[in-house]
>>> print(open('work_24.cif').read())   # mmCIF, C-alpha atoms and all ligand atoms
data_my_file
loop_
_atom_site.label_atom_id
_atom_site.label_comp_id
_atom_site.auth_asym_id
_atom_site.auth_seq_id
_atom_site.Cartn_x
_atom_site.Cartn_y
_atom_site.Cartn_z
CA MET A 1 4.62 -2.71 -31.23
CA ALA A 2 6.84 -2.28 -28.17
CA ARG A 3 7.71 1.29 -27.36
CA PRO A 4 11.44 2.06 -27.56
CA PRO A 5 12.80 2.89 -24.08
CA SER A 6 13.38 6.55 -24.69
CA GLY A 7 12.18 9.77 -23.11
CA LYS A 8 12.47 11.46 -26.48
CA PRO A 9 9.57 11.89 -28.87
CA LEU A 10 9.34 9.17 -31.46
CA ALA A 11 9.59 9.93 -35.15
CA GLY A 12 6.19 10.71 -36.54
CA GLU A 13 4.78 10.88 -33.04
CA THR A 14 3.75 14.49 -32.86
CA PRO A 15 0.01 14.52 -33.24
CA ALA A 16 -1.18 18.05 -32.73
CA PRO A 17 -3.09 19.63 -31.29
CA LEU A 18 -3.50 17.66 -28.10
CA PRO A 19 -6.45 18.11 -25.75
CA SER A 20 -5.85 20.54 -22.88
CA VAL A 21 -5.16 19.04 -19.47
CA LEU A 22 -6.12 20.66 -16.15
CA ALA A 23 -4.39 19.64 -12.89
CA TYR A 24 -6.31 20.03 -9.65
CA HIS A 25 -5.31 18.76 -6.21
CA LYS A 26 -7.64 19.24 -3.20
CA VAL A 27 -11.22 20.44 -3.43
CA THR A 28 -11.92 21.50 0.14
CA GLY A 29 -12.56 24.34 2.58
CA PHE A 30 -9.84 26.76 3.69
CA GLU A 31 -6.38 25.24 3.93
CA LEU A 32 -2.75 26.27 3.83
CA GLY A 33 -0.69 26.10 0.67
CA GLY A 34 -1.90 26.94 -2.78
CA THR A 35 -3.11 23.65 -4.25
CA TRP A 36 -6.69 23.65 -2.95
CA VAL A 37 -9.86 25.00 -4.48
CA PRO A 38 -13.08 25.63 -2.50
CA PRO A 39 -15.96 23.35 -3.62
CA ALA A 40 -18.29 26.14 -4.76
CA ARG A 41 -15.54 27.73 -6.84
CA PHE A 42 -14.63 24.36 -8.34
CA LEU A 43 -18.22 24.00 -9.55
CA ARG A 44 -18.25 27.51 -10.98
CA GLN A 45 -15.02 26.80 -12.86
CA ILE A 46 -16.33 23.53 -14.33
CA ASP A 47 -19.67 25.08 -15.30
CA ALA A 48 -17.96 28.10 -16.86
CA LEU A 49 -15.89 25.74 -19.04
CA LEU A 50 -19.02 23.82 -20.07
CA ASP A 51 -20.82 27.09 -20.84
CA ALA A 52 -17.85 28.19 -22.95
CA GLY A 53 -18.21 25.06 -25.07
CA PHE A 54 -15.28 23.00 -23.80
CA ARG A 55 -15.82 19.24 -23.90
CA PHE A 56 -14.42 16.98 -21.18
CA ILE A 57 -12.77 13.76 -22.34
CA ASP A 58 -11.46 10.73 -20.44
CA GLU A 59 -8.01 9.13 -20.28
CA ASP A 60 -8.82 6.86 -23.25
CA GLY A 61 -9.75 9.87 -25.37
CA PHE A 62 -6.54 11.65 -24.43
CA LEU A 63 -4.35 8.61 -25.19
CA GLU A 64 -6.07 8.11 -28.55
CA ALA A 65 -5.19 11.69 -29.50
CA LEU A 66 -1.66 11.26 -28.16
CA ASP A 67 -1.21 8.11 -30.24
CA GLY A 68 -2.55 9.86 -33.33
CA ARG A 69 -5.50 7.45 -33.48
CA ARG A 70 -7.80 10.45 -33.60
CA ARG A 71 -7.35 14.19 -33.93
CA GLY A 72 -7.38 16.06 -30.62
CA SER A 73 -8.51 19.60 -30.06
CA ARG A 74 -7.66 22.37 -27.59
CA GLY A 75 -11.39 22.62 -27.03
CA GLU A 76 -11.21 19.26 -25.26
CA ILE A 77 -10.18 19.00 -21.63
CA LEU A 78 -8.82 16.07 -19.67
CA LEU A 79 -9.49 16.76 -15.99
CA THR A 80 -6.82 15.37 -13.65
CA PHE A 81 -6.41 15.33 -9.87
CA ASP A 82 -3.02 14.75 -8.27
CA ASP A 83 -2.55 13.00 -4.89
CA GLY A 84 -5.92 11.18 -4.75
CA TYR A 85 -7.31 12.99 -1.72
CA ARG A 86 -10.41 11.61 -0.07
CA CYS A 87 -12.02 15.06 -0.10
CA LEU A 88 -12.71 14.50 -3.79
CA LEU A 89 -15.43 12.01 -2.82
CA ASP A 90 -17.50 14.72 -1.16
CA HIS A 91 -16.61 17.84 -3.09
CA ALA A 92 -15.79 16.85 -6.67
CA VAL A 93 -17.08 13.40 -7.60
CA PRO A 94 -20.86 14.05 -7.14
CA ALA A 95 -20.72 17.25 -9.22
CA LEU A 96 -18.67 15.57 -11.95
CA GLU A 97 -20.99 12.57 -12.09
CA ALA A 98 -24.04 14.84 -12.29
CA ARG A 99 -22.49 16.51 -15.33
CA GLY A 100 -21.15 13.32 -16.93
CA ILE A 101 -17.55 14.54 -16.63
CA PRO A 102 -14.79 11.91 -16.38
CA ALA A 103 -11.48 12.44 -14.57
CA LEU A 104 -8.06 10.84 -14.21
CA ILE A 105 -6.83 10.64 -10.61
CA PHE A 106 -3.13 10.14 -9.80
CA ILE A 107 -2.42 7.99 -6.74
CA PRO A 108 0.80 7.83 -4.67
CA SER A 109 0.49 4.10 -4.04
CA ALA A 110 2.25 3.99 -0.64
CA TYR A 111 -0.24 6.53 0.74
CA VAL A 112 -3.48 4.78 -0.20
CA GLY A 113 -5.80 5.06 2.82
CA GLU A 114 -3.12 7.00 4.76
CA GLU A 115 -2.91 10.56 5.97
CA ASN A 116 -0.97 13.01 3.88
CA ALA A 117 2.56 13.66 5.08
CA TRP A 118 4.18 16.08 2.67
CA GLU A 119 1.93 19.13 2.54
CA LEU A 120 1.65 22.04 4.94
CA ASN A 121 -1.72 21.86 6.71
CA LEU A 122 -3.47 23.92 9.33
CA PRO A 123 -2.66 22.61 12.83
CA GLY A 124 -4.86 19.63 13.64
CA ARG A 125 -6.11 19.33 10.08
CA HIS A 126 -5.37 16.00 8.46
CA PHE A 127 -6.01 15.05 4.86
CA ARG A 128 -6.54 11.40 4.06
CA HIS A 129 -5.87 9.79 0.71
CA LEU A 130 -8.45 7.54 -0.97
CA GLY A 131 -8.45 3.92 0.21
CA TRP A 132 -8.33 0.87 -2.08
CA ASP A 133 -12.07 0.19 -1.75
CA GLU A 134 -12.87 3.81 -2.62
CA ILE A 135 -10.54 3.70 -5.62
CA ALA A 136 -12.13 0.44 -6.86
CA ASP A 137 -15.61 1.94 -6.42
CA LEU A 138 -14.69 5.10 -8.32
CA GLU A 139 -13.19 3.01 -11.10
CA ARG A 140 -16.48 1.11 -11.43
CA ARG A 141 -18.19 4.48 -11.70
CA GLY A 142 -16.02 5.48 -14.66
CA PHE A 143 -13.10 7.38 -13.13
CA SER A 144 -9.64 6.27 -14.15
CA PHE A 145 -6.43 6.08 -12.16
CA GLY A 146 -2.78 6.71 -12.84
CA SER A 147 0.37 6.54 -10.77
CA HIS A 148 1.75 9.46 -8.78
CA THR A 149 4.77 7.29 -7.82
CA ARG A 150 4.87 5.47 -4.46
CA THR A 151 5.96 8.04 -1.91
CA HIS A 152 5.62 11.39 -3.67
CA ARG A 153 9.28 12.40 -3.58
CA ASP A 154 10.98 14.63 -6.13
CA LEU A 155 12.22 12.01 -8.63
CA THR A 156 15.03 14.25 -9.83
CA ARG A 157 16.60 14.17 -6.36
CA LEU A 158 16.58 10.39 -5.84
CA PRO A 159 19.34 7.87 -6.61
CA ASP A 160 18.60 6.19 -9.96
CA ALA A 161 17.56 2.82 -8.52
CA GLU A 162 15.09 4.43 -6.10
CA MET A 163 13.73 6.70 -8.79
CA ARG A 164 13.10 3.71 -11.09
CA GLU A 165 11.46 1.78 -8.26
CA GLU A 166 9.12 4.70 -7.47
CA LEU A 167 7.87 4.59 -11.07
CA ALA A 168 7.78 0.83 -11.60
CA ARG A 169 6.48 -0.41 -8.24
CA SER A 170 3.67 2.13 -8.01
CA LYS A 171 2.48 0.91 -11.40
CA GLU A 172 2.66 -2.73 -10.27
CA GLU A 173 0.86 -2.01 -7.00
CA LEU A 174 -1.97 -0.14 -8.70
CA GLU A 175 -2.31 -2.75 -11.44
CA ALA A 176 -2.47 -5.57 -8.90
CA ARG A 177 -5.39 -3.84 -7.16
CA LEU A 178 -7.21 -2.46 -10.19
CA GLU A 179 -6.61 -5.55 -12.35
CA ARG A 180 -6.00 -3.49 -15.45
CA PRO A 181 -3.02 -1.69 -17.04
CA VAL A 182 -2.02 1.65 -15.49
CA ARG A 183 -1.03 3.77 -18.47
CA SER A 184 -0.40 7.24 -17.09
CA VAL A 185 1.87 8.72 -14.44
CA SER A 186 2.11 12.21 -13.00
CA TYR A 187 5.50 13.31 -11.64
CA PRO A 188 5.39 14.62 -8.03
CA PHE A 189 5.76 18.42 -8.06
CA GLY A 190 5.81 18.13 -11.87
CA ARG A 191 9.55 17.40 -11.59
CA SER A 192 11.38 15.24 -14.13
CA ASN A 193 14.60 15.15 -16.12
CA GLY A 194 15.91 13.02 -18.99
CA SER A 195 16.68 9.98 -16.78
CA VAL A 196 13.25 10.14 -15.14
CA ARG A 197 11.52 10.31 -18.51
CA VAL A 198 13.50 7.31 -19.82
CA ALA A 199 12.61 5.39 -16.64
CA ALA A 200 8.91 6.24 -17.11
CA ALA A 201 9.10 4.87 -20.64
CA ARG A 202 10.90 1.71 -19.53
CA ALA A 203 8.38 1.15 -16.73
CA GLY A 204 5.77 0.81 -19.48
CA TYR A 205 3.77 4.01 -19.11
CA ARG A 206 2.23 5.42 -22.25
CA ALA A 207 1.95 8.98 -20.97
CA ALA A 208 3.71 10.97 -18.25
CA PHE A 209 2.35 14.30 -17.08
CA THR A 210 4.25 17.20 -15.63
CA LEU A 211 2.96 20.71 -14.94
CA TYR A 212 5.17 23.13 -16.84
CA PRO A 213 7.74 21.40 -19.07
CA LYS A 214 10.98 23.19 -19.81
CA ARG A 215 10.59 25.10 -23.04
CA SER A 216 12.50 23.18 -25.67
CA ALA A 217 12.71 22.84 -29.39
CA GLU A 218 12.11 19.08 -29.23
CA GLY A 219 8.37 19.37 -29.59
CA LEU A 220 5.92 17.01 -27.99
CA ASN A 221 7.30 14.48 -25.57
CA ARG A 222 4.76 11.95 -24.31
CA PHE A 223 6.80 11.60 -21.12
CA ASP A 224 6.77 15.34 -20.42
CA LEU A 225 3.16 16.35 -21.05
CA ARG A 226 2.07 19.78 -20.02
CA ARG A 227 -0.87 20.41 -17.70
CA GLU A 228 -2.40 23.68 -16.58
CA ALA A 229 -2.40 23.73 -12.79
CA VAL A 230 -5.38 25.25 -11.01
CA TYR A 231 -4.47 26.94 -7.71
CA VAL A 232 -6.43 28.64 -4.95
CA ILE A 233 -6.03 32.04 -6.58
CA ASP A 234 -7.51 30.92 -9.89
CA THR A 235 -10.90 31.95 -11.22
CA ALA A 236 -12.98 30.86 -14.19
CA TRP A 237 -11.37 33.76 -16.09
CA THR A 238 -7.75 32.75 -15.37
CA ILE A 239 -8.53 29.14 -16.30
CA ARG A 240 -9.87 30.35 -19.66
CA ALA A 241 -6.60 32.30 -20.06
CA LYS A 242 -4.56 29.16 -19.31
CA LEU A 243 -6.49 27.33 -22.04
CA GLY A 244 -6.19 30.20 -24.49
CA ALA A 245 -3.37 32.00 -26.23
CA GLY A 246 -1.60 35.35 -26.42
CA LEU A 247 -0.70 37.64 -23.54
CA PRO A 248 -3.26 36.31 -21.01
CA PHE A 249 -1.85 32.80 -21.58
CA MET A 250 1.73 34.03 -21.20
CA LEU A 251 0.90 35.74 -17.91
CA GLU A 252 -0.80 32.62 -16.56
CA ASP A 253 2.13 30.50 -17.75
CA PHE A 254 4.57 32.75 -15.87
CA LYS A 255 2.39 32.69 -12.75
CA GLY A 256 1.96 28.91 -12.85
CA ARG A 257 5.70 28.31 -13.22
CA ALA A 258 6.44 30.62 -10.27
CA ILE A 259 3.88 28.94 -7.99
CA ASN A 260 5.06 25.47 -8.97
CA ALA A 261 8.67 26.43 -8.21
CA LEU A 262 7.55 27.39 -4.68
CA ALA A 263 5.52 24.17 -4.27
CA VAL A 264 8.69 22.12 -4.82
CA LEU A 265 10.07 23.73 -1.66
CA THR A 266 7.19 22.58 0.57
CA PRO A 267 8.77 19.28 1.68
CA LEU A 268 12.02 21.13 2.40
CA ILE A 269 10.12 23.69 4.51
CA LYS A 270 8.56 20.80 6.39
CA GLY A 271 12.04 19.55 7.20
CA GLY A 272 11.87 16.52 4.93
CA PHE A 273 8.55 14.73 5.28
CA SER A 274 10.09 11.31 5.04
CA ARG A 275 12.17 11.86 8.18
CA SER A 276 9.38 13.46 10.18
CA SER A 277 6.48 11.17 9.35
CA ARG A 278 5.54 7.70 10.36
CA THR A 279 3.81 7.12 7.05
CA GLY A 280 6.86 8.23 5.14
CA ARG A 281 9.09 5.86 7.09
CA ARG A 282 6.74 2.95 6.47
CA ALA A 283 6.47 3.85 2.83
CA ARG A 284 10.22 4.06 2.41
CA ALA A 285 10.64 0.73 4.15
CA GLY A 286 8.49 -0.71 1.37
CA ARG A 287 5.69 -1.98 3.56
ZN ZN B 301 1.27 15.52 -5.90
#
>>> encode(input="work_24.cif", output="structure tokens")
Amino acid sequence: MARPPSGKPLAGETPAPLPSVLAYHKVTGFELGGTWVPPARFLRQIDALLDAGFRFIDEDGFLEALDGRRRGSRGEILLTFDDGYRCLLDHAVPALEARGIPALIFIPSAYVGEENAWELNLPGRHFRHLGWDEIADLERRGFSFGSHTRTHRDLTRLPDAEMREELARSKEELEARLERPVRSVSYPFGRSNGSVRVAAARAGYRAAFTLYPKRSAEGLNRFDLRREAVYVIDTAWTIRAKLGAGLPFMLEDFKGRAINALAVLTPLIKGGFSRSSRTGRRARAGR
């Protein structure tokens, strides 16, 4: 049945509980900004979750729970990585494969194989995004891919037509390369509003992930799905708190919202990445 083009939850579409979702970015050595995790600490975090009895599921398993085709559990974790950095190949993928852990990786389609242009990096340090061959290889090895729009701009600050194109064209570009439906999208900086969520639905996504949704009485919205972000200051203990309840969860929720609010400012601090970067200009020109 075709999904109605709405960002609102559908009647009867509130399967609960959903699996937990973790959002990582870079797994790498020391870097500026807050969205990286050192490789050894990443391993400790994953192993601590396994030791604590959490079970890692893949995108299919998450969507089945979201659709109410099976009952999800907070003891299940969908591991996601935003931005599709190449450093994952060295510092995350081997460890995940050794443990049989799947992951969903969100790709900004205009940056495939390019250097990153929107984050603050140490001088001379350049982070490359996964190339198409690497993405295809990882898909064969069981990792799945979603859209992170085309050019990683804050969708809530774009004119409507551009915002819709960011969502729709990234899906088309990824599907053309992967030769399968792209079902999930992650909003850059976790930023969305009602128009963005309607556009995500109309573009044909089945799930759209943010970081910290606005607290509302509407209940579950499959186009505004919460994820727990893991930042450089996090430890195995704080991640357990994010996945738990009560006061430790509330403190982590407050901390995560504050850090994410700062992360939204990064492109502004950089003076507008799209004006200052060659890649951004090419991407905007729709190469
Ligand atoms: Zn991102």
>>> residues_around(input="work_24.cif", residues="Asn116 (chain A)", least_positions_apart="6", cutoff="8 Å", atoms="all atoms listed in the file", output="PyMOL selection string")
chain A and resi 126-129
>>> residues_near_ligand(input="work_24.cif", ligand="ligand ZN 301 (chain B)", cutoff="8 Å", atoms="all atoms listed in the file", output="ChimeraX atom specification")
/A:25,82-83,106,108,148,152,186-190
>>> closest_residue(input="work_24.cif", among="A:Leu22, A:Ala52, A:Ile135, A:Leu43", to="Arg86 (chain A)", atoms="all atoms listed in the file")
A:Ile135
>>> closest_residue(input="work_24.cif", among="A:Leu130, A:Val93, A:Ala258, A:Leu178", to="Tyr111 (chain A)", atoms="all atoms listed in the file")
A:Leu130
>>> closest_residue(input="work_24.cif", among="A:Asp253, A:Asp154, A:Glu76, A:Asp67", to="Arg55 (chain A)", atoms="only C-alpha atoms")
A:Glu76
